[in-house]
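File shown: query_21.cif (mmCIF, C-alpha atoms, pLDDT in the B column; chains and numbers go by the auth columns).
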data_upload
#
loop_
_atom_site.group_PDB
_atom_site.id
_atom_site.type_symbol
_atom_site.label_atom_id
_atom_site.label_comp_id
_atom_site.label_asym_id
_atom_site.label_seq_id
_atom_site.Cartn_x
_atom_site.Cartn_y
_atom_site.Cartn_z
_atom_site.B_iso_or_equiv
_atom_site.auth_seq_id
_atom_site.auth_asym_id
ATOM 1 C CA ALA A 1 20.039 -4.881 -7.302 46.00 216 T
ATOM 2 C CA ARG A 2 18.023 -4.250 -10.473 49.00 217 T
ATOM 3 C CA GLU A 3 16.470 -7.717 -10.288 56.00 218 T
ATOM 4 C CA ASN A 4 15.584 -7.419 -6.591 54.00 219 T
ATOM 5 C CA LYS A 5 14.498 -3.762 -6.877 52.00 220 T
ATOM 6 C CA TYR A 6 16.510 -2.722 -3.812 52.00 221 T
ATOM 7 C CA ALA A 7 19.849 -3.076 -2.080 53.00 222 T
ATOM 8 C CA ILE A 8 21.154 -2.514 1.447 52.00 223 T
ATOM 9 C CA PRO A 9 24.382 -0.520 1.234 52.00 224 T
ATOM 10 C CA ALA A 10 26.461 0.515 4.284 51.00 225 T
ATOM 11 C CA PHE A 11 28.715 3.545 4.717 51.00 226 T
ATOM 12 C CA ASP A 12 31.956 3.819 6.721 52.00 227 T
ATOM 13 C CA VAL A 13 32.756 0.101 6.750 55.00 228 T
ATOM 14 C CA SER A 14 36.090 0.259 8.583 55.00 229 T
ATOM 15 C CA ASN A 15 36.901 -3.260 9.779 60.00 230 T
ATOM 16 C CA TYR A 16 36.382 -6.912 8.930 61.00 231 T
ATOM 17 C CA GLU A 17 33.911 -7.585 11.766 67.00 232 T
ATOM 18 C CA MET A 18 31.727 -4.682 10.657 67.00 233 T
ATOM 19 C CA MET A 19 31.825 -5.906 7.079 69.00 234 T
ATOM 20 C CA ARG A 20 30.790 -9.419 8.070 72.00 235 T
ATOM 21 C CA ALA A 21 27.939 -8.089 10.235 74.00 236 T
ATOM 22 C CA VAL A 22 26.571 -6.062 7.318 73.00 237 T
ATOM 23 C CA LEU A 23 26.863 -8.982 4.905 76.00 238 T
ATOM 24 C CA ASP A 24 25.209 -11.349 7.401 79.00 239 T
ATOM 25 C CA ALA A 25 22.227 -8.981 7.655 76.00 240 T
ATOM 26 C CA CYS A 26 22.009 -8.656 3.872 77.00 241 T
ATOM 27 C CA GLU A 27 22.240 -12.423 3.399 79.00 242 T
ATOM 28 C CA GLU A 28 19.360 -12.922 5.853 80.00 243 T
ATOM 29 C CA ALA A 29 17.287 -10.325 3.981 76.00 244 T
ATOM 30 C CA LYS A 30 18.313 -11.819 0.609 75.00 245 T
ATOM 31 C CA SER A 31 19.357 -8.334 -0.437 74.00 246 T
ATOM 32 C CA PRO A 32 22.289 -7.229 -2.586 73.00 247 T
ATOM 33 C CA ALA A 33 24.872 -5.389 -0.473 71.00 248 T
ATOM 34 C CA LEU A 34 26.760 -2.198 -1.229 66.00 249 T
ATOM 35 C CA LEU A 35 29.727 -1.597 1.076 64.00 250 T
ATOM 36 C CA MET A 36 31.249 1.867 1.252 61.00 251 T
ATOM 37 C CA GLY A 37 34.731 2.604 2.596 56.00 252 T
ATOM 38 C CA LEU A 38 36.448 5.947 3.012 52.00 253 T
ATOM 39 C CA GLY A 39 39.172 6.870 0.536 50.00 254 T
ATOM 40 C CA VAL A 40 41.486 7.849 3.379 46.00 255 T
ATOM 41 C CA ASP A 41 41.314 4.271 4.687 48.00 256 T
ATOM 42 C CA LEU A 42 42.794 2.725 1.542 48.00 257 T
ATOM 43 C CA GLU A 43 46.361 2.682 2.793 50.00 258 T
ATOM 44 C CA GLY A 44 47.534 -0.431 4.651 50.00 259 T
ATOM 45 C CA LYS A 45 44.629 -2.027 6.483 52.00 260 T
ATOM 46 C CA GLY A 46 42.161 -0.417 4.086 55.00 261 T
ATOM 47 C CA LEU A 47 43.456 -2.426 1.160 56.00 262 T
ATOM 48 C CA ASN A 48 43.378 -5.577 3.290 60.00 263 T
ATOM 49 C CA LEU A 49 39.751 -4.801 4.152 59.00 264 T
ATOM 50 C CA ILE A 50 38.744 -4.676 0.498 60.00 265 T
ATOM 51 C CA THR A 51 40.586 -7.923 -0.209 59.00 266 T
ATOM 52 C CA SER A 52 38.924 -9.594 2.796 62.00 267 T
ATOM 53 C CA MET A 53 35.539 -8.334 1.663 61.00 268 T
ATOM 54 C CA VAL A 54 35.903 -9.907 -1.773 60.00 269 T
ATOM 55 C CA LYS A 55 37.110 -13.176 -0.267 62.00 270 T
ATOM 56 C CA ALA A 56 34.303 -13.307 2.291 61.00 271 T
ATOM 57 C CA ALA A 57 31.647 -12.476 -0.282 61.00 272 T
ATOM 58 C CA SER A 58 32.813 -15.214 -2.620 59.00 273 T
ATOM 59 C CA GLU A 59 33.256 -17.910 0.029 68.00 274 T
ATOM 60 C CA PHE A 60 30.437 -17.316 2.500 73.00 275 T
ATOM 61 C CA TYR A 61 27.628 -15.388 0.781 77.00 276 T
ATOM 62 C CA THR A 62 25.222 -15.953 -2.089 77.00 277 T
ATOM 63 C CA ILE A 63 24.111 -12.315 -2.426 76.00 278 T
ATOM 64 C CA PRO A 64 25.649 -9.851 -4.918 72.00 279 T
ATOM 65 C CA VAL A 65 28.193 -7.580 -3.182 70.00 280 T
ATOM 66 C CA CYS A 66 29.524 -4.251 -4.504 65.00 281 T
ATOM 67 C CA PHE A 67 32.065 -1.823 -3.058 61.00 282 T
ATOM 68 C CA HIS A 68 31.902 1.973 -3.365 61.00 283 T
ATOM 69 C CA LEU A 69 34.671 4.388 -2.456 58.00 284 T
ATOM 70 C CA ASP A 70 33.144 6.954 -0.103 56.00 285 T
ATOM 71 C CA HIS A 71 34.040 10.665 0.050 52.00 286 T
ATOM 72 C CA ALA A 72 36.991 10.132 -2.247 52.00 287 T
ATOM 73 C CA THR A 73 39.014 13.077 -3.533 53.00 288 T
ATOM 74 C CA ASN A 74 42.521 11.665 -4.027 63.00 289 T
ATOM 75 C CA PHE A 75 42.889 10.381 -7.573 69.00 290 T
ATOM 76 C CA GLU A 76 45.753 8.038 -6.710 71.00 291 T
ATOM 77 C CA ASP A 77 43.687 6.409 -3.957 69.00 292 T
ATOM 78 C CA ILE A 78 40.791 5.978 -6.363 74.00 293 T
ATOM 79 C CA LYS A 79 43.013 4.452 -9.052 77.00 294 T
ATOM 80 C CA LYS A 80 44.607 2.144 -6.498 74.00 295 T
ATOM 81 C CA ALA A 81 41.224 0.876 -5.312 71.00 296 T
ATOM 82 C CA ASN A 82 39.840 0.622 -8.836 75.00 297 T
ATOM 83 C CA ASP A 83 42.797 -1.514 -9.907 78.00 298 T
ATOM 84 C CA LEU A 84 41.629 -4.140 -7.414 71.00 299 T
ATOM 85 C CA GLY A 85 38.578 -4.648 -9.619 73.00 300 T
ATOM 86 C CA VAL A 86 35.999 -4.348 -6.823 66.00 301 T
ATOM 87 C CA ILE A 87 35.041 -0.653 -6.926 72.00 302 T
ATOM 88 C CA CYS A 88 31.538 -0.110 -8.302 73.00 303 T
ATOM 89 C CA GLY A 89 31.120 3.610 -7.642 75.00 304 T
ATOM 90 C CA VAL A 90 32.291 6.690 -5.754 78.00 305 T
ATOM 91 C CA THR A 91 30.564 9.236 -3.540 75.00 306 T
ATOM 92 C CA THR A 92 31.921 12.761 -3.260 76.00 307 T
ATOM 93 C CA ASN A 93 31.577 15.612 -0.793 72.00 308 T
ATOM 94 C CA PRO A 94 31.909 19.218 -2.029 76.00 309 T
ATOM 95 C CA SER A 95 33.372 20.361 1.303 74.00 310 T
ATOM 96 C CA LEU A 96 36.132 17.738 1.189 71.00 311 T
ATOM 97 C CA ILE A 97 36.899 18.532 -2.448 76.00 312 T
ATOM 98 C CA ALA A 98 37.195 22.213 -1.525 77.00 313 T
ATOM 99 C CA LYS A 99 39.560 21.354 1.343 74.00 314 T
ATOM 100 C CA GLU A 100 41.768 19.510 -1.155 73.00 315 T
ATOM 101 C CA GLY A 101 41.887 22.724 -3.199 79.00 316 T
ATOM 102 C CA HIS A 102 40.233 21.119 -6.245 79.00 317 T
ATOM 103 C CA ASP A 103 37.446 22.291 -8.533 84.00 318 T
ATOM 104 C CA PHE A 104 34.319 20.189 -7.949 83.00 319 T
ATOM 105 C CA LYS A 105 33.339 19.753 -11.594 85.00 320 T
ATOM 106 C CA GLU A 106 36.838 18.885 -12.790 86.00 321 T
ATOM 107 C CA THR A 107 37.351 16.502 -9.859 84.00 322 T
ATOM 108 C CA VAL A 108 34.154 14.607 -10.623 84.00 323 T
ATOM 109 C CA LYS A 109 35.061 14.408 -14.320 86.00 324 T
ATOM 110 C CA GLU A 110 38.426 12.897 -13.414 85.00 325 T
ATOM 111 C CA ILE A 111 36.803 10.373 -11.059 85.00 326 T
ATOM 112 C CA ALA A 112 34.303 9.401 -13.761 85.00 327 T
ATOM 113 C CA SER A 113 37.189 8.745 -16.142 85.00 328 T
ATOM 114 C CA ILE A 114 38.650 6.275 -13.628 85.00 329 T
ATOM 115 C CA VAL A 115 35.594 4.463 -12.247 82.00 330 T
ATOM 116 C CA ASP A 116 32.758 3.216 -14.449 84.00 331 T
ATOM 117 C CA GLY A 117 29.898 3.373 -11.964 83.00 332 T
ATOM 118 C CA PRO A 118 27.590 5.758 -10.073 85.00 333 T
ATOM 119 C CA ILE A 119 29.346 8.970 -9.019 85.00 334 T
ATOM 120 C CA SER A 120 27.432 10.906 -6.409 83.00 335 T
ATOM 121 C CA GLY A 121 27.521 14.675 -5.990 87.00 336 T
ATOM 122 C CA GLU A 122 25.400 16.635 -3.560 87.00 337 T
ATOM 123 C CA VAL A 123 23.748 20.019 -3.664 91.00 338 T
ATOM 124 C CA LYS A 124 25.359 22.553 -1.328 87.00 339 T
ATOM 125 C CA PRO A 125 24.170 22.414 2.321 83.00 340 T
ATOM 126 C CA THR A 126 23.401 26.125 2.088 88.00 341 T
ATOM 127 C CA THR A 127 21.016 25.606 -0.840 91.00 342 T
ATOM 128 C CA LEU A 128 17.601 25.293 0.797 92.00 343 T
ATOM 129 C CA ASP A 129 15.070 26.279 -1.885 95.00 344 T
ATOM 130 C CA PHE A 130 13.582 24.248 -4.738 96.00 345 T
ATOM 131 C CA GLU A 131 14.846 26.528 -7.505 96.00 346 T
ATOM 132 C CA GLY A 132 18.393 26.513 -6.144 96.00 347 T
ATOM 133 C CA MET A 133 18.450 22.738 -5.709 96.00 348 T
ATOM 134 C CA MET A 134 17.185 22.187 -9.240 97.00 349 T
ATOM 135 C CA ALA A 135 19.775 24.548 -10.707 97.00 350 T
ATOM 136 C CA GLU A 136 22.570 22.638 -8.942 95.00 351 T
ATOM 137 C CA ALA A 137 21.021 19.234 -9.701 96.00 352 T
ATOM 138 C CA ARG A 138 20.974 19.967 -13.430 97.00 353 T
ATOM 139 C CA GLN A 139 24.576 21.144 -13.297 94.00 354 T
ATOM 140 C CA ILE A 140 25.696 18.007 -11.447 93.00 355 T
ATOM 141 C CA ALA A 141 23.739 15.674 -13.738 94.00 356 T
ATOM 142 C CA ALA A 142 25.280 17.333 -16.808 94.00 357 T
ATOM 143 C CA ILE A 143 28.821 16.503 -15.680 91.00 358 T
ATOM 144 C CA HIS A 144 28.583 12.812 -16.585 91.00 359 T
ATOM 145 C CA PRO A 145 25.844 10.228 -17.342 92.00 360 T
ATOM 146 C CA ASN A 146 26.780 8.294 -14.172 90.00 361 T
ATOM 147 C CA MET A 147 26.072 11.190 -11.815 92.00 362 T
ATOM 148 C CA VAL A 148 23.633 10.795 -8.916 93.00 363 T
ATOM 149 C CA VAL A 149 22.443 13.974 -7.179 95.00 364 T
ATOM 150 C CA LYS A 150 22.241 13.914 -3.373 93.00 365 T
ATOM 151 C CA ILE A 151 19.301 15.929 -2.057 94.00 366 T
ATOM 152 C CA PRO A 152 18.266 16.517 1.598 93.00 367 T
ATOM 153 C CA MET A 153 15.045 15.119 3.030 95.00 368 T
ATOM 154 C CA THR A 154 13.120 18.386 3.299 95.00 369 T
ATOM 155 C CA ALA A 155 9.883 19.643 1.762 95.00 370 T
ATOM 156 C CA GLU A 156 11.862 21.593 -0.839 97.00 371 T
ATOM 157 C CA GLY A 157 14.125 18.564 -1.311 96.00 372 T
ATOM 158 C CA LEU A 158 11.150 16.324 -2.068 97.00 373 T
ATOM 159 C CA LYS A 159 9.911 18.816 -4.661 97.00 374 T
ATOM 160 C CA ALA A 160 13.361 18.818 -6.246 97.00 375 T
ATOM 161 C CA CYS A 161 13.540 15.009 -6.133 97.00 376 T
ATOM 162 C CA HIS A 162 10.177 14.728 -7.886 97.00 377 T
ATOM 163 C CA GLN A 163 11.224 17.191 -10.575 98.00 378 T
ATOM 164 C CA CYS A 164 14.547 15.397 -11.050 97.00 379 T
ATOM 165 C CA SER A 165 12.648 12.147 -11.529 97.00 380 T
ATOM 166 C CA LYS A 166 10.557 13.796 -14.251 97.00 381 T
ATOM 167 C CA GLU A 167 13.744 14.995 -15.966 97.00 382 T
ATOM 168 C CA GLY A 168 15.480 11.618 -15.721 96.00 383 T
ATOM 169 C CA ILE A 169 18.041 12.776 -13.133 97.00 384 T
ATOM 170 C CA LYS A 170 19.075 10.069 -10.639 96.00 385 T
ATOM 171 C CA THR A 171 18.812 11.128 -6.998 95.00 386 T
ATOM 172 C CA ASN A 172 19.833 10.038 -3.519 92.00 387 T
ATOM 173 C CA VAL A 173 17.664 11.529 -0.769 94.00 388 T
ATOM 174 C CA THR A 174 19.763 11.820 2.390 89.00 389 T
ATOM 175 C CA LEU A 175 19.147 12.602 6.061 89.00 390 T
ATOM 176 C CA ILE A 176 16.305 10.104 6.416 90.00 391 T
ATOM 177 C CA PHE A 177 15.413 9.080 9.978 91.00 392 T
ATOM 178 C CA SER A 178 12.069 7.276 9.638 90.00 393 T
ATOM 179 C CA ALA A 179 10.232 4.801 7.416 90.00 394 T
ATOM 180 C CA ASN A 180 7.684 7.506 6.587 93.00 395 T
ATOM 181 C CA GLN A 181 10.424 9.776 5.268 95.00 396 T
ATOM 182 C CA ALA A 182 11.861 6.918 3.188 94.00 397 T
ATOM 183 C CA LEU A 183 8.427 6.246 1.706 95.00 398 T
ATOM 184 C CA LEU A 184 7.917 9.924 0.878 96.00 399 T
ATOM 185 C CA ALA A 185 11.296 10.080 -0.852 96.00 400 T
ATOM 186 C CA ALA A 186 10.625 6.882 -2.798 96.00 401 T
ATOM 187 C CA ARG A 187 7.206 8.096 -3.909 95.00 402 T
ATOM 188 C CA ALA A 188 8.813 11.363 -4.985 96.00 403 T
ATOM 189 C CA GLY A 189 10.987 9.326 -7.349 96.00 404 T
ATOM 190 C CA ALA A 190 14.271 8.898 -5.454 95.00 405 T
ATOM 191 C CA THR A 191 16.710 6.433 -6.995 93.00 406 T
ATOM 192 C CA TYR A 192 18.251 5.885 -3.553 90.00 407 T
ATOM 193 C CA VAL A 193 17.134 6.675 0.000 91.00 408 T
ATOM 194 C CA SER A 194 19.711 7.049 2.784 87.00 409 T
ATOM 195 C CA PRO A 195 18.571 6.374 6.375 87.00 410 T
ATOM 196 C CA PHE A 196 21.198 7.635 8.849 82.00 411 T
ATOM 197 C CA ILE A 197 21.163 4.769 11.323 79.00 412 T
ATOM 198 C CA GLY A 198 24.244 5.873 13.299 72.00 413 T
ATOM 199 C CA ARG A 199 22.558 9.069 14.402 73.00 414 T
ATOM 200 C CA LEU A 200 19.494 7.072 15.475 74.00 415 T
ATOM 201 C CA ASP A 201 21.720 4.746 17.492 69.00 416 T
ATOM 202 C CA ASP A 202 23.206 7.841 19.159 69.00 417 T
ATOM 203 C CA ILE A 203 19.806 8.616 20.701 72.00 418 T
ATOM 204 C CA SER A 204 19.130 4.970 21.696 70.00 419 T
ATOM 205 C CA GLU A 205 16.938 4.170 18.692 71.00 420 T
ATOM 206 C CA ASP A 206 17.369 0.923 16.709 75.00 421 T
ATOM 207 C CA GLY A 207 18.856 1.973 13.386 74.00 422 T
ATOM 208 C CA LEU A 208 19.021 -1.515 11.897 77.00 423 T
ATOM 209 C CA GLU A 209 15.349 -2.094 12.702 82.00 424 T
ATOM 210 C CA LEU A 210 14.565 0.978 10.614 85.00 425 T
ATOM 211 C CA ILE A 211 16.467 -0.571 7.696 84.00 426 T
ATOM 212 C CA ARG A 212 14.459 -3.807 8.075 85.00 427 T
ATOM 213 C CA THR A 213 11.192 -1.851 8.145 88.00 428 T
ATOM 214 C CA ILE A 214 12.049 0.181 5.050 89.00 429 T
ATOM 215 C CA SER A 215 13.305 -2.909 3.219 88.00 430 T
ATOM 216 C CA ASP A 216 10.110 -4.836 3.978 89.00 431 T
ATOM 217 C CA MET A 217 7.947 -1.866 3.022 89.00 432 T
ATOM 218 C CA PHE A 218 9.732 -1.395 -0.299 90.00 433 T
ATOM 219 C CA SER A 219 9.634 -5.113 -1.089 87.00 434 T
ATOM 220 C CA ILE A 220 5.923 -5.534 -0.317 89.00 435 T
ATOM 221 C CA ASN A 221 4.956 -2.479 -2.363 88.00 436 T
ATOM 222 C CA ASN A 222 7.353 -3.194 -5.264 89.00 437 T
ATOM 223 C CA ILE A 223 9.157 0.108 -4.733 91.00 438 T
ATOM 224 C CA GLU A 224 12.265 0.315 -6.895 90.00 439 T
ATOM 225 C CA SER A 225 14.189 2.867 -4.801 91.00 440 T
ATOM 226 C CA GLN A 226 17.355 1.349 -3.331 87.00 441 T
ATOM 227 C CA ILE A 227 18.333 1.684 0.327 85.00 442 T
ATOM 228 C CA ILE A 228 21.705 3.135 1.279 81.00 443 T
ATOM 229 C CA CYS A 229 22.364 2.352 4.925 77.00 444 T
ATOM 230 C CA ALA A 230 24.254 5.487 5.953 74.00 445 T
ATOM 231 C CA SER A 231 26.264 6.587 8.976 71.00 446 T
ATOM 232 C CA VAL A 232 27.024 3.046 10.143 69.00 447 T
ATOM 233 C CA ARG A 233 29.226 3.338 13.233 64.00 448 T
ATOM 234 C CA ASN A 234 29.369 -0.166 14.673 60.00 449 T
ATOM 235 C CA PRO A 235 28.920 -3.813 13.563 55.00 450 T
ATOM 236 C CA ILE A 236 25.679 -4.498 15.522 51.00 451 T
#
Now, as a test, write the supplied structure out as structure tokens.
Amino acid sequence: ARENKYAIPAFDVSNYEMMRAVLDACEEAKSPALLMGLGVDLEGKGLNLITSMVKAASEFYTIPVCFHLDHATNFEDIKKANDLGVICGVTTNPSLIAKEGHDFKETVKEIASIVDGPISGEVKPTTLDFEGMMAEARQIAAIHPNMVVKIPMTAEGLKACHQCSKEGIKTNVTLIFSANQALLAARAGATYVSPFIGRLDDISEDGLELIRTISDMFSINNIESQIICASVRNPI
């Protein structure tokens, strides 16, 4: 991903056909792929999915493939997946951590001690102003050097993203629904941009075409922000 300046990750990869569809698209685009599976899916078929992913990537594809554990809060699940040797990072959700009855900061510290890779933590959905986002972003970034701060695609979010970039804080700008928004986030200094293609598909838009457009735009303009293909709900 560092050599190619971008990657095309996919969230909620829940079956083999979906995984192969994502990897086929990434192979065609000559892009590294980042697959993300939910922690709750690790039991049974989930473990088989990860194993199949590694096998498929090694036998059928030439692109680099990574696997991130998405919205993980159960330490045993994380350890189990990490022991397979294919986990490259973890994303977290403060609401899910709260539902588990855990402290956010301590949970993230524990995850960071298990997985040596990017650990994402997002500002609270109720935090809408620049000052509030920056206060939370600094707190999240201070937890561990691998932290990535998730920030919403809003005017205040762009201001916070730009300031984070100045302070060396890695960011993931979420809730992106257009190429223009992705470009704004990238120019603001986002480490990652996350187009929500599933929600576009819900209103009869072509989510994957948006990913192609953003990928081409970033490649042509030598933009280093990486693309996280979010809210993937089907294999086509």
Min atom-atom distance to Met349 in chain T from the set T:Ser335, T:Thr322, T:Asn361, T:Thr386, counting only C-alpha atoms, belongs to T:Thr386
Within 8 Å of range 422-435 of chain T, counting all atoms listed in the file, which residues qualify if same-chain residues fewer than 2 places away don't, as a PyMOL selection string? chain T and resi 220-221+393-394+397-398+410-413+415-416+420+437-440+442+444
Please dump the current selection as a compact mmCIF listing (two decimals), in the coordinates of the input; keep C-alpha atoms.
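Output saved as part.txt:
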# COMPACT_ATOMS: atom_id res chain seq x y z
CA LYS T 220 14.50 -3.76 -6.88
CA TYR T 221 16.51 -2.72 -3.81
CA SER T 393 12.07 7.28 9.64
CA ALA T 394 10.23 4.80 7.42
CA ALA T 397 11.86 6.92 3.19
CA LEU T 398 8.43 6.25 1.71
CA PRO T 410 18.57 6.37 6.38
CA PHE T 411 21.20 7.64 8.85
CA ILE T 412 21.16 4.77 11.32
CA GLY T 413 24.24 5.87 13.30
CA LEU T 415 19.49 7.07 15.48
CA ASP T 416 21.72 4.75 17.49
CA GLU T 420 16.94 4.17 18.69
CA ASN T 437 7.35 -3.19 -5.26
CA ILE T 438 9.16 0.11 -4.73
CA GLU T 439 12.26 0.32 -6.90
CA SER T 440 14.19 2.87 -4.80
CA ILE T 442 18.33 1.68 0.33
CA CYS T 444 22.36 2.35 4.92
One decimal, Å: what's the distance from CA of Leu390 in chain T over to CA of Gly372 in chain T, could you say?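 Pair CA of Leu390 in chain T / CA of Gly372 in chain T returns 10.7 Å.
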For the PyMOL selection byres ((chain T and resi 358) around 10), applied here, can you spell out every residue it catches as number ranges by chain? T: 320-321, 323-324, 327, 336, 353-357, 359-362
I'd like the contact shell of Ala240 in chain T - 10 Å cut-off, all atoms listed in the file, skipping same-chain residues fewer than 4 positions apart - returned as a list of chain:residue names. T:Ile223, T:Arg235, T:Ala236, T:Ala244, T:Lys245, T:Ser246, T:Ala248, T:Leu423, T:Arg427, T:Ile451
Pick from T:Val363, T:Ala350, T:Val237, T:Ile418: nearest to Phe392 in chain T, with all atoms listed in the file counted?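 Among the listed residues, T:Ile418 lies closest to Phe392 in chain T.
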Nearest residue to Lys339 in chain T out of T:Lys374, T:Lys314, T:Lys365, T:Arg402, using all atoms listed in the file?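 Closest to Lys339 in chain T of all the choices is T:Lys365.
CA of Met368 in chain T is found 29.4 Å from CA of Ile278 in chain T.
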Considering all atoms listed in the file, return as a list in words whatever protein or nucleic-acid residues lie within 7 Å of Val388 in chain T, sequence-local ones (same chain, fewer than 4 positions apart) excluded.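 My reading of the contact set: Lys365, Ile366, Pro367, Met368, Ala400, Ala405, Tyr407, Val408 and Ser409 of chain T.
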Write a file of the selected residues as a short mmCIF file (atom, residue, chain, number, x, y, z; two decimals), in the coordinates of the input, keeping C-alpha atoms.
data_model
loop_
_atom_site.label_atom_id
_atom_site.label_comp_id
_atom_site.auth_asym_id
_atom_site.auth_seq_id
_atom_site.Cartn_x
_atom_site.Cartn_y
_atom_site.Cartn_z
CA LYS T 365 22.24 13.91 -3.37
CA ILE T 366 19.30 15.93 -2.06
CA PRO T 367 18.27 16.52 1.60
CA MET T 368 15.04 15.12 3.03
CA ALA T 400 11.30 10.08 -0.85
CA ALA T 405 14.27 8.90 -5.45
CA TYR T 407 18.25 5.88 -3.55
CA VAL T 408 17.13 6.68 0.00
CA SER T 409 19.71 7.05 2.78
#
Can you tell me how far CA of Gly332 in chain T sits from CA of Glu371 in chain T, in Å to one decimal?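 For CA of Gly332 in chain T relative to CA of Glu371 in chain T, the distance reads 27.9 Å.
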Which residues, named as in the file, does the PyMOL selection byres ((chain T and resi 310) around 12) pick out? Answer as a ChimeraX atom specification. /T:286-288,307-309,311-319,336-341
Could you check which of T:Ala296, T:Ser419, T:Cys379, T:Glu243 is closest to Glu346 in chain T, using only C-alpha atoms? T:Cys379
Output, as lines of an AutoDock Vina configuration file, the centre and edge lengths in Å (one decimal) of the axis-aligned box that contains all listed atoms of range 436-447 of chain T with 4 Å of margin on each side.
center_x = 16.0
center_y = 1.7
center_z = 1.6
size_x = 30.1
size_y = 17.8
size_z = 25.0
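If all atoms listed in the file are the atoms counted, then among T:Asp421, T:Glu242, T:Asp344, T:Asp331 the closest residue to Ile302 in chain T is T:Asp331.
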